[in-house]
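Next up, my_file-v1.txt (compact mmCIF, C-alpha atoms):
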# COMPACT_ATOMS: atom_id res chain seq x y z
CA MET N 28 59.95 24.42 -92.10
CA GLN N 29 62.23 23.18 -89.33
CA THR N 30 63.93 26.13 -87.64
CA GLY N 31 65.88 24.53 -84.82
CA VAL N 32 66.94 21.11 -83.56
CA GLN N 33 68.61 20.73 -80.16
CA ASN N 34 68.69 17.89 -77.64
CA GLY N 35 65.56 16.11 -78.83
CA ILE N 36 63.53 19.34 -79.05
CA ASN N 37 62.57 20.34 -82.59
CA ILE N 38 60.82 23.60 -83.42
CA GLU N 39 58.90 23.90 -86.70
CA GLN N 40 56.79 26.71 -88.08
CA ASP N 41 53.40 25.32 -89.04
CA GLY N 42 51.91 27.80 -91.46
CA LYS N 43 52.19 31.49 -90.87
CA ASN N 44 50.85 31.91 -87.32
CA LYS N 45 51.64 28.60 -85.59
CA LEU N 46 54.70 27.01 -84.03
CA ARG N 47 55.00 23.27 -83.52
CA VAL N 48 57.40 22.00 -80.87
CA ILE N 49 58.31 18.32 -81.32
CA VAL N 50 59.89 16.35 -78.50
CA SER N 51 61.33 13.00 -79.48
CA GLY N 52 63.81 10.36 -78.37
CA ASP N 53 65.54 10.80 -75.02
CA VAL N 54 65.54 14.18 -73.30
CA LEU N 55 67.76 13.63 -70.26
CA CYS N 56 69.68 16.38 -68.47
CA GLN N 57 69.76 18.43 -71.61
CA ASN N 58 70.60 22.10 -72.03
CA ILE N 59 67.33 23.77 -72.96
CA GLU N 60 68.71 27.28 -73.37
CA ALA N 61 69.46 27.02 -77.10
CA PRO N 62 66.01 25.79 -78.25
CA PHE N 63 64.35 28.23 -75.89
CA GLU N 64 66.29 31.12 -77.44
CA VAL N 65 65.12 29.94 -80.88
CA LEU N 66 61.56 29.83 -79.59
CA GLN N 67 61.84 33.33 -78.15
CA SER N 68 63.09 34.75 -81.44
CA LEU N 69 60.25 33.12 -83.39
CA LEU N 70 57.60 34.37 -80.94
CA LYS N 71 58.61 37.93 -81.78
CA SER N 72 56.95 37.44 -85.15
CA ASP N 73 53.22 37.22 -85.74
CA ILE N 74 52.71 33.90 -83.93
CA LYS N 75 49.28 33.22 -82.42
CA GLU N 76 49.60 29.62 -81.24
CA VAL N 77 52.26 27.25 -79.90
CA TYR N 78 51.52 23.55 -79.56
CA PHE N 79 53.59 20.55 -78.48
CA THR N 80 53.66 17.08 -79.98
CA ALA N 81 55.55 13.94 -79.00
CA GLU N 82 57.13 11.60 -81.54
CA LYS N 83 58.65 8.43 -80.16
CA LEU N 84 59.39 10.10 -76.85
CA LYS N 85 61.30 7.66 -74.66
CA GLU N 86 62.98 8.88 -71.48
CA TRP N 87 62.82 12.42 -70.17
CA ASP N 88 63.64 14.33 -67.02
CA SER N 89 62.95 17.68 -65.42
CA SER N 90 64.74 19.60 -68.20
CA LEU N 91 61.84 18.86 -70.56
CA LEU N 92 59.32 19.90 -67.93
CA LEU N 93 61.25 23.12 -67.34
CA PHE N 94 61.26 23.88 -71.08
CA ILE N 95 57.47 23.39 -71.27
CA TYR N 96 56.95 25.52 -68.17
CA ASP N 97 59.08 28.42 -69.47
CA THR N 98 57.37 28.23 -72.86
CA GLN N 99 53.89 28.36 -71.36
CA ARG N 100 54.83 31.26 -69.10
CA LEU N 101 56.25 33.15 -72.11
CA CYS N 102 53.07 32.51 -74.09
CA GLN N 103 50.96 33.77 -71.23
CA GLU N 104 52.96 36.99 -71.08
CA ARG N 105 52.51 37.57 -74.84
CA LYS N 106 48.91 36.33 -74.91
CA ILE N 107 49.67 33.47 -77.30
CA ALA N 108 47.57 30.29 -77.37
CA PHE N 109 49.35 27.30 -75.83
CA ASN N 110 48.47 23.62 -76.28
CA ILE N 111 50.10 20.48 -74.84
CA LYS N 112 47.18 18.08 -75.29
CA GLU N 113 49.23 15.81 -77.55
CA LEU N 114 51.90 15.25 -74.91
CA PRO N 115 51.77 12.27 -72.48
CA GLN N 116 49.29 12.69 -69.66
CA ASN N 117 51.95 12.68 -66.94
CA LEU N 118 53.67 15.67 -68.57
CA GLN N 119 50.38 17.50 -68.75
CA ASP N 120 49.67 16.79 -65.08
CA LEU N 121 53.09 17.97 -63.92
CA THR N 122 52.80 21.17 -65.95
CA ALA N 123 49.38 21.88 -64.49
CA LEU N 124 50.75 21.24 -61.00
CA ALA N 125 53.66 23.61 -61.59
CA PHE N 126 51.26 26.44 -62.41
CA ALA N 127 48.87 25.53 -59.63
CA VAL N 128 51.46 26.08 -56.86
CA ASP N 129 51.82 29.63 -55.60
CA ARG N 130 55.55 30.32 -55.29
CA LYS N 131 55.10 33.73 -53.73
CA PRO N 132 55.40 33.65 -49.94
CA THR N 133 52.19 34.45 -48.17
CA HIS N 134 52.11 37.58 -46.09
CA GLY N 135 49.82 38.36 -43.23
CA ASN N 136 47.30 41.12 -43.32
CA ASN N 137 49.34 44.31 -43.21
CA GLU N 138 46.27 46.44 -42.64
CA GLU N 139 46.92 48.88 -39.83
CA LEU N 140 44.42 48.60 -37.01
CA SER N 141 43.57 51.30 -34.54
CA ILE N 142 44.38 50.84 -30.85
CA VAL N 143 40.74 50.16 -30.04
CA GLU N 144 40.54 47.50 -32.77
CA LYS N 145 43.74 45.85 -31.57
CA VAL N 146 42.47 45.76 -27.98
CA GLY N 147 39.17 44.30 -29.14
CA LYS N 148 40.88 41.69 -31.30
CA GLN N 149 43.18 40.63 -28.47
CA THR N 150 40.23 40.50 -26.06
CA ILE N 151 38.26 38.21 -28.36
CA GLU N 152 41.33 36.01 -28.81
CA LEU N 153 41.89 35.91 -25.05
CA LYS N 154 38.27 34.88 -24.50
CA ARG N 155 38.59 32.09 -27.06
CA LYS N 156 41.81 30.78 -25.51
CA SER N 157 40.34 30.98 -22.00
CA VAL N 158 37.34 28.91 -23.05
CA ASN N 159 39.64 26.31 -24.63
CA VAL N 160 41.77 26.11 -21.49
CA LEU N 161 38.74 25.76 -19.23
CA ASN N 162 37.31 23.04 -21.44
CA PHE N 163 40.65 21.23 -21.33
CA MET N 164 40.85 21.52 -17.54
CA GLY N 165 37.30 20.23 -17.22
CA SER N 166 38.16 17.26 -19.42
CA VAL N 167 41.23 16.50 -17.30
CA PHE N 168 39.24 16.61 -14.05
CA SER N 169 36.63 14.34 -15.64
CA GLY N 170 39.39 11.94 -16.66
CA ILE N 171 40.77 11.92 -13.11
CA GLY N 172 37.28 11.13 -11.84
CA ARG N 173 36.99 8.22 -14.27
CA CYS N 174 40.40 7.00 -13.16
CA LEU N 175 39.35 7.06 -9.48
CA THR N 176 36.22 5.07 -10.32
CA PHE N 177 38.27 2.58 -12.40
CA SER N 178 36.37 3.43 -15.59
CA SER N 179 39.28 5.11 -17.38
CA ILE N 180 41.00 3.61 -20.41
CA MET N 181 44.45 4.73 -19.27
CA ARG N 182 46.95 1.96 -19.92
CA LYS N 183 49.49 0.94 -17.30
CA THR N 184 52.20 0.52 -19.93
CA ASP N 185 51.82 4.18 -20.95
CA PHE N 186 52.03 5.26 -17.31
CA TYR N 187 55.16 3.17 -16.64
CA ALA N 188 56.84 4.46 -19.82
CA ALA N 189 56.08 8.08 -18.88
CA LEU N 190 57.28 7.49 -15.31
CA GLU N 191 60.56 6.02 -16.52
CA ASP N 192 61.11 8.94 -18.87
CA CYS N 193 60.48 11.68 -16.31
CA GLY N 194 61.92 9.79 -13.35
CA PRO N 195 65.11 7.67 -13.57
CA ARG N 196 66.21 9.19 -16.87
CA ALA N 197 66.05 12.70 -15.41
CA VAL N 198 68.07 11.99 -12.28
CA GLY N 199 71.44 12.68 -13.88
CA ILE N 200 70.71 16.19 -15.14
CA VAL N 201 68.86 17.06 -11.91
CA CYS N 202 71.84 15.97 -9.79
CA LEU N 203 74.32 17.94 -11.85
CA ILE N 204 72.32 21.17 -11.95
CA SER N 205 71.34 20.97 -8.28
CA PHE N 206 74.95 20.43 -7.18
CA LEU N 207 76.05 23.47 -9.18
CA ILE N 208 73.19 25.60 -7.86
CA GLY N 209 74.07 24.68 -4.27
CA LEU N 210 77.70 25.49 -4.99
CA ILE N 211 76.82 28.88 -6.50
CA LEU N 212 74.39 29.73 -3.71
CA ALA N 213 77.02 28.92 -1.09
CA PHE N 214 79.72 30.89 -2.87
CA VAL N 215 77.55 34.01 -3.28
CA GLY N 216 76.41 33.82 0.34
CA ALA N 217 79.93 33.28 1.61
CA VAL N 218 81.19 36.46 -0.04
CA GLN N 219 78.76 38.51 2.03
CA LEU N 220 78.96 36.50 5.25
CA GLN N 221 82.75 36.60 5.35
CA THR N 222 82.64 40.38 5.84
CA PHE N 223 80.92 39.72 9.20
CA GLY N 224 82.95 36.65 10.08
CA ALA N 225 79.81 34.52 9.88
CA GLN N 226 80.78 32.20 7.06
CA ILE N 227 79.72 29.21 9.14
CA TYR N 228 76.11 30.16 8.43
CA VAL N 229 76.62 29.30 4.75
CA ALA N 230 75.39 25.83 5.70
CA SER N 231 72.15 27.26 7.08
CA LEU N 232 71.70 29.51 4.03
CA VAL N 233 72.09 26.67 1.53
CA THR N 234 69.92 24.25 3.52
CA ILE N 235 67.01 26.64 3.94
CA GLY N 236 67.22 27.98 0.39
CA MET N 237 67.38 24.57 -1.30
CA CYS N 238 64.76 22.84 0.84
CA ARG N 239 62.20 25.63 0.80
CA ILE N 240 62.20 26.84 -2.79
CA MET N 241 65.40 26.59 -4.87
CA GLY N 242 65.37 22.81 -5.23
CA ALA N 243 61.76 22.75 -6.42
CA ILE N 244 62.25 25.66 -8.84
CA MET N 245 65.38 24.19 -10.43
CA VAL N 246 63.72 20.82 -10.88
CA GLY N 247 60.69 22.59 -12.34
CA VAL N 248 62.76 24.52 -14.86
CA ILE N 249 64.69 21.40 -15.85
CA MET N 250 61.57 19.29 -16.25
CA SER N 251 59.70 21.99 -18.18
CA GLY N 252 62.51 22.12 -20.71
CA ARG N 253 63.13 18.38 -20.75
CA THR N 254 59.78 16.66 -20.14
CA GLY N 255 57.16 19.34 -20.81
CA SER N 256 58.58 20.05 -24.25
CA SER N 257 58.73 16.30 -24.90
CA TYR N 258 55.03 16.00 -24.11
CA ALA N 259 54.18 18.84 -26.49
CA ALA N 260 56.38 17.49 -29.29
CA THR N 261 55.10 13.92 -28.96
CA ILE N 262 51.42 14.82 -28.91
CA GLY N 263 51.94 17.53 -31.53
CA THR N 264 53.53 15.01 -33.89
CA MET N 265 50.56 12.72 -33.33
CA GLN N 266 48.35 15.64 -34.29
CA VAL N 267 50.31 16.17 -37.51
CA ASN N 268 50.11 12.46 -38.35
CA GLU N 269 46.34 12.52 -37.63
CA GLU N 270 46.74 9.91 -34.90
CA LEU N 271 44.60 12.04 -32.58
CA ASP N 272 41.83 12.04 -35.16
CA ALA N 273 42.14 8.26 -35.33
CA LEU N 274 41.73 8.01 -31.54
CA GLN N 275 38.61 10.14 -31.72
CA THR N 276 37.25 8.05 -34.59
CA MET N 277 37.73 4.90 -32.54
CA GLY N 278 35.87 6.48 -29.62
CA LEU N 279 38.94 6.65 -27.34
CA SER N 280 39.38 9.60 -25.00
CA ARG N 281 42.54 11.54 -25.79
CA ILE N 282 42.64 12.75 -22.20
CA ASP N 283 42.60 9.23 -20.74
CA PHE N 284 44.93 7.83 -23.36
CA LEU N 285 47.55 10.60 -23.56
CA VAL N 286 47.23 13.18 -20.78
CA LEU N 287 46.52 11.17 -17.61
CA PRO N 288 49.56 8.83 -17.81
CA ARG N 289 51.89 11.80 -18.25
CA LEU N 290 50.17 13.82 -15.53
CA PHE N 291 50.29 11.06 -12.91
CA ALA N 292 53.87 10.12 -13.80
CA LEU N 293 55.13 13.66 -13.34
CA MET N 294 53.16 14.12 -10.11
CA ILE N 295 55.01 11.11 -8.67
CA ALA N 296 58.45 11.86 -10.09
CA MET N 297 58.74 15.58 -9.30
CA PRO N 298 58.62 15.37 -5.46
CA ILE N 299 61.22 12.57 -5.51
CA LEU N 300 63.48 14.56 -7.85
CA THR N 301 63.04 17.58 -5.57
CA MET N 302 64.27 15.62 -2.55
CA ILE N 303 67.31 14.52 -4.55
CA SER N 304 67.85 18.13 -5.64
CA ASP N 305 67.70 19.36 -2.04
CA PHE N 306 70.36 16.88 -0.94
CA LEU N 307 72.67 17.54 -3.89
CA GLY N 308 72.34 21.29 -3.34
CA MET N 309 73.46 20.84 0.25
CA VAL N 310 76.38 18.73 -0.98
CA GLY N 311 77.36 21.50 -3.38
CA GLY N 312 77.26 24.00 -0.52
CA ALA N 313 79.41 21.66 1.57
CA PHE N 314 81.96 21.54 -1.25
CA VAL N 315 82.37 25.33 -1.07
CA GLY N 316 82.26 25.47 2.72
CA VAL N 317 84.74 22.67 3.37
CA PHE N 318 87.24 23.09 0.53
CA LEU N 319 87.14 26.84 -0.14
CA MET N 320 86.25 28.30 3.26
CA ASP N 321 88.05 25.75 5.46
CA ILE N 322 84.94 25.00 7.52
CA PRO N 323 85.29 21.64 9.31
CA TYR N 324 83.24 18.94 7.67
CA GLN N 325 81.41 17.91 10.85
CA GLU N 326 80.71 21.53 11.77
CA TYR N 327 79.21 22.29 8.37
CA TRP N 328 76.75 19.40 8.52
CA ASN N 329 75.96 20.15 12.15
CA TYR N 330 74.76 23.65 11.21
CA ALA N 331 73.00 22.26 8.13
CA PHE N 332 70.97 19.78 10.19
CA LYS N 333 70.15 22.45 12.76
CA ALA N 334 68.78 24.70 9.98
CA PHE N 335 66.69 21.92 8.49
CA ARG N 336 63.00 22.37 9.27
CA LEU N 337 60.19 20.02 8.32
CA ASN N 338 57.89 22.89 7.28
CA ASN N 339 60.49 24.19 4.81
CA PHE N 340 60.92 20.71 3.39
CA LEU N 341 57.15 20.20 2.99
CA VAL N 342 56.71 23.63 1.38
CA GLY N 343 59.33 22.64 -1.19
CA LEU N 344 57.56 19.35 -1.89
CA PHE N 345 54.24 21.17 -2.27
CA HIS N 346 55.87 23.51 -4.79
CA SER N 347 57.15 20.54 -6.77
CA PHE N 348 53.72 18.90 -6.74
CA CYS N 349 52.12 22.06 -8.13
CA PHE N 350 54.90 22.43 -10.70
CA ALA N 351 54.32 18.86 -11.89
CA ILE N 352 50.67 19.63 -12.61
CA ILE N 353 51.56 22.85 -14.42
CA ILE N 354 54.30 21.30 -16.58
CA SER N 355 52.26 18.28 -17.63
CA LEU N 356 49.11 20.27 -18.41
CA CYS N 357 50.99 22.96 -20.35
CA GLY N 358 52.86 20.36 -22.39
CA CYS N 359 49.82 18.23 -23.18
CA TYR N 360 47.58 21.20 -23.95
CA SER N 361 50.12 22.70 -26.34
CA GLY N 362 50.46 19.36 -28.11
CA LEU N 363 46.70 18.86 -28.44
CA LYS N 364 46.26 22.38 -29.88
CA CYS N 365 49.22 22.02 -32.26
CA GLU N 366 48.75 22.99 -35.90
CA LYS N 367 49.02 20.19 -38.42
CA ASN N 368 52.45 21.07 -39.81
CA ALA N 369 56.10 20.90 -38.80
CA ASP N 370 56.21 24.57 -37.85
CA GLY N 371 53.23 24.00 -35.57
CA VAL N 372 55.12 21.33 -33.63
CA GLY N 373 58.01 23.73 -33.05
CA LYS N 374 55.67 26.49 -31.89
CA ALA N 375 53.80 24.12 -29.58
CA THR N 376 57.06 22.95 -28.01
CA THR N 377 58.24 26.50 -27.41
CA LYS N 378 54.85 27.57 -26.07
CA SER N 379 54.74 24.69 -23.60
CA VAL N 380 58.10 25.61 -22.05
CA VAL N 381 57.34 29.34 -21.87
CA CYS N 382 53.86 28.83 -20.38
CA ALA N 383 55.12 26.31 -17.84
CA ILE N 384 57.91 28.57 -16.57
CA VAL N 385 55.66 31.64 -16.42
CA TRP N 386 52.94 29.82 -14.50
CA MET N 387 55.51 28.27 -12.15
CA ILE N 388 56.72 31.76 -11.20
CA VAL N 389 53.14 32.97 -10.73
CA VAL N 390 52.24 29.99 -8.53
CA THR N 391 55.46 30.42 -6.54
CA GLY N 392 54.49 34.00 -5.77
CA ILE N 393 51.00 32.96 -4.69
CA ILE N 394 52.26 30.15 -2.45
CA THR N 395 54.88 32.44 -0.92
CA VAL N 396 52.27 35.04 -0.02
CA ILE N 397 49.96 32.38 1.46
CA CYS N 398 52.78 30.87 3.52
CA GLN N 399 53.77 34.33 4.74
CA GLU N 400 50.22 35.09 5.88
CA LEU N 401 49.89 31.69 7.58
CA GLY N 402 53.31 32.01 9.22
CA ILE N 403 54.61 28.79 7.67
Is it possible to give me this structure as structure tokens?
Amino acid sequence: MQTGVQNGINIEQDGKNKLRVIVSGDVLCQNIEAPFEVLQSLLKSDIKEVYFTAEKLKEWDSSLLLFIYDTQRLCQERKIAFNIKELPQNLQDLTALAFAVDRKPTHGNNEELSIVEKVGKQTIELKRKSVNVLNFMGSVFSGIGRCLTFSSIMRKTDFYAALEDCGPRAVGIVCLISFLIGLILAFVGAVQLQTFGAQIYVASLVTIGMCRIMGAIMVGVIMSGRTGSSYAATIGTMQVNEELDALQTMGLSRIDFLVLPRLFALMIAMPILTMISDFLGMVGGAFVGVFLMDIPYQEYWNYAFKAFRLNNFLVGLFHSFCFAIIISLCGCYSGLKCEKNADGVGKATTKSVVCAIVWMIVVTGIITVICQELGI
């Protein structure tokens, strides 16, 4: 007996305990609520099995798949046998796939750990990460050794492309930020120096500050956010696309092929960018001194050149050289250890910037203490 016909979905009662659902013709963008309500009402009776058949089924869309899915879920709840073996194979596969996917979001282990367990877990994790970092550093030093002995597979085209990206293309943002930093440094210093009538020494303040440390730090922060994150994102995307696995399969060193060109390019570009930053910072200070404090132009630059010291300039360049190594290694390491998904690329990019900035501050403190002890 046919009990309901709607949108190409026919429901018939086959005997006393079975329901037969017939799909026929075209089932395209149809409203499945009405036949499903009929099916629900019939399942309230003593039904033990529901099975689907197809009769001259032509075109169908997701509405049919949704009807089958809801029916199977309802049968599972009421412990009723369900059979779709007479449907086309593609419908069977899609239904199986729908039930195979877990739609509930996964949650981490919410088990509360004691303080001792947390400390132990973090210690083990720290040991694992330290070993990975040391292995990476050893691989980089080995790659540098191969490069010095002309046995590396580093390509010149990769080096030139990396140098162009972190060199000429970064000049604009470095100039802008350095000019503004010099301007701000001069303005803040002038507010205090004016109380003593010593505003002329703004030139000395800006020159010493920019050449010794501020120029290198600002370039380091800019390049960690611009270039270091780019390294992590590029290599991380290659990890997701399994290009790194392909390099390993072909017997090519990932360090020589990916890390060394970026490392050498940044080691060359950073000191040059730091020199540009020093000069633009001094220009920014001159803008404040000449136009806002009415210091004669020649007098400002006279005091600036008197304050310039070669040791301060070289200390700044040494900072930039160390920062270049830190930024490139942090970016490449984060990319190589990236998880193979889109979220992993985002985390690797963020981690590279954070690690680079933190280690730059640590290294700055160490260099400052060393220079203080040596009287430099």
message: Using Å and a single decimal, report how far atom CA of N:Thr301 sits from atom CA of N:Val229.
response: 20.7 Å
message: Neighbouring residues of stretch 159-173 of chain N were defined as those with any atom within 8 Å, considering only C-alpha atoms; residues of the same chain fewer than 3 positions away were excluded. Please report them as a list in words.
response: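 The filter keeps Arg155, Lys156, Thr176, Phe177, Ser178, Ser179, Ile282, Asp283, Val286, Leu287 and Tyr360 of chain N.
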Output C-alpha atoms for every residue in that selection, as a CSV table (one decimal), in the coordinates of the input.
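The resulting file, part.csv, is shown below:
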chain,number,residue,atom,x,y,z
N,155,ARG,CA,38.6,32.1,-27.1
N,156,LYS,CA,41.8,30.8,-25.5
N,176,THR,CA,36.2,5.1,-10.3
N,177,PHE,CA,38.3,2.6,-12.4
N,178,SER,CA,36.4,3.4,-15.6
N,179,SER,CA,39.3,5.1,-17.4
N,282,ILE,CA,42.6,12.8,-22.2
N,283,ASP,CA,42.6,9.2,-20.7
N,286,VAL,CA,47.2,13.2,-20.8
N,287,LEU,CA,46.5,11.2,-17.6
N,360,TYR,CA,47.6,21.2,-24.0
message: When you count only C-alpha atoms, which of these residues is closest to N:Val246: N:Ala125, N:Ile384, N:Leu271, N:Val146?
response: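 Of N:Ala125, N:Ile384, N:Leu271, N:Val146, the one nearest N:Val246 is N:Ile384, counting only C-alpha atoms.
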query: What does the distance between atom CA of N:Ile295 and atom CA of N:Ile354 come to in Å, to one decimal place?
result: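 Computed distance, atom CA of N:Ile295 to atom CA of N:Ile354, equals 12.9 Å.
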Atomic separation - atom CA of N:Phe284 relative to atom CA of N:Gly373, Å: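 A separation of 22.8 Å between them.
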- request: Counting all atoms listed in the file, figure out which residue out of N:Gly358, N:Gly147, N:Gly242, N:Pro62 gets nearest to N:Ile299.
  value: N:Gly242
Pick from N:Phe291, N:Pro323, N:Ser256, N:Ala108, whichever lies nearest to N:Cys174 using only C-alpha atoms: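 With only C-alpha atoms as the atom set, the closest residue is N:Phe291.
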So which residues fall inside 8 Å of (57.2, 26.1, -19.0) if we count all atoms listed in the file? Mind giving them as a PDB file with C-alpha atoms, in the frame of the given file?
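Once everything was written out, this is selection_14.pdb:
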ATOM      1  CA  VAL N 248      62.760  24.520 -14.860  1.00  0.00           C
ATOM      2  CA  SER N 251      59.700  21.990 -18.180  1.00  0.00           C
ATOM      3  CA  GLY N 252      62.510  22.120 -20.710  1.00  0.00           C
ATOM      4  CA  GLY N 255      57.160  19.340 -20.810  1.00  0.00           C
ATOM      5  CA  ILE N 353      51.560  22.850 -14.420  1.00  0.00           C
ATOM      6  CA  ILE N 354      54.300  21.300 -16.580  1.00  0.00           C
ATOM      7  CA  CYS N 357      50.990  22.960 -20.350  1.00  0.00           C
ATOM      8  CA  GLY N 358      52.860  20.360 -22.390  1.00  0.00           C
ATOM      9  CA  LYS N 378      54.850  27.570 -26.070  1.00  0.00           C
ATOM     10  CA  SER N 379      54.740  24.690 -23.600  1.00  0.00           C
ATOM     11  CA  VAL N 380      58.100  25.610 -22.050  1.00  0.00           C
ATOM     12  CA  VAL N 381      57.340  29.340 -21.870  1.00  0.00           C
ATOM     13  CA  CYS N 382      53.860  28.830 -20.380  1.00  0.00           C
ATOM     14  CA  ALA N 383      55.120  26.310 -17.840  1.00  0.00           C
ATOM     15  CA  ILE N 384      57.910  28.570 -16.570  1.00  0.00           C
ATOM     16  CA  VAL N 385      55.660  31.640 -16.420  1.00  0.00           C
ATOM     17  CA  TRP N 386      52.940  29.820 -14.500  1.00  0.00           C
ATOM     18  CA  MET N 387      55.510  28.270 -12.150  1.00  0.00           C
TER      19      MET N 387
END
- request: With a distance cut-off of 9 Å and all atoms listed in the file, select the neighbouring residues of N:Tyr187, excluding the residue or stretch itself and same-chain residues fewer than 4 positions from it, and output the selection as JSON, numbers by chain.
  value: {"N": [182, 183, 191, 192, 288, 292]}
Output file for the residues above (C-alpha atoms, as a short mmCIF file (atom, residue, chain, number, x, y, z; two decimals), in the frame of the given file):
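Done, and the output landed in out05.cif:
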data_model
loop_
_atom_site.label_atom_id
_atom_site.label_comp_id
_atom_site.auth_asym_id
_atom_site.auth_seq_id
_atom_site.Cartn_x
_atom_site.Cartn_y
_atom_site.Cartn_z
CA ARG N 182 46.95 1.96 -19.92
CA LYS N 183 49.49 0.94 -17.30
CA GLU N 191 60.56 6.02 -16.52
CA ASP N 192 61.11 8.94 -18.87
CA PRO N 288 49.56 8.83 -17.81
CA ALA N 292 53.87 10.12 -13.80
#
query: Skipping near chain neighbours, those fewer than 4 positions away, what residues fall within 9 Å of stretch 217-225 of chain N using only C-alpha atoms, listed as a PyMOL selection string?
result: chain N and resi 212-213+229+315-316+320
Shell around N:Ile111 at 12 Å using all atoms listed in the file, local window under 4 positions removed, as a CSV table (one decimal) with C-alpha atoms, in the frame of the given file:
chain,number,residue,atom,x,y,z
N,47,ARG,CA,55.0,23.3,-83.5
N,48,VAL,CA,57.4,22.0,-80.9
N,49,ILE,CA,58.3,18.3,-81.3
N,50,VAL,CA,59.9,16.4,-78.5
N,76,GLU,CA,49.6,29.6,-81.2
N,77,VAL,CA,52.3,27.2,-79.9
N,78,TYR,CA,51.5,23.6,-79.6
N,79,PHE,CA,53.6,20.6,-78.5
N,80,THR,CA,53.7,17.1,-80.0
N,81,ALA,CA,55.6,13.9,-79.0
N,92,LEU,CA,59.3,19.9,-67.9
N,95,ILE,CA,57.5,23.4,-71.3
N,96,TYR,CA,57.0,25.5,-68.2
N,98,THR,CA,57.4,28.2,-72.9
N,99,GLN,CA,53.9,28.4,-71.4
N,115,PRO,CA,51.8,12.3,-72.5
N,116,GLN,CA,49.3,12.7,-69.7
N,117,ASN,CA,52.0,12.7,-66.9
N,118,LEU,CA,53.7,15.7,-68.6
N,119,GLN,CA,50.4,17.5,-68.8
N,120,ASP,CA,49.7,16.8,-65.1
N,121,LEU,CA,53.1,18.0,-63.9
N,122,THR,CA,52.8,21.2,-66.0
N,123,ALA,CA,49.4,21.9,-64.5
query: Nearest to N:Cys238 among N:Ala127, N:Ala351, N:Leu341, N:Cys102, with distances taken over all atoms listed in the file: which residue is it?
result: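 For N:Cys238, the nearest of the given residues is N:Leu341.
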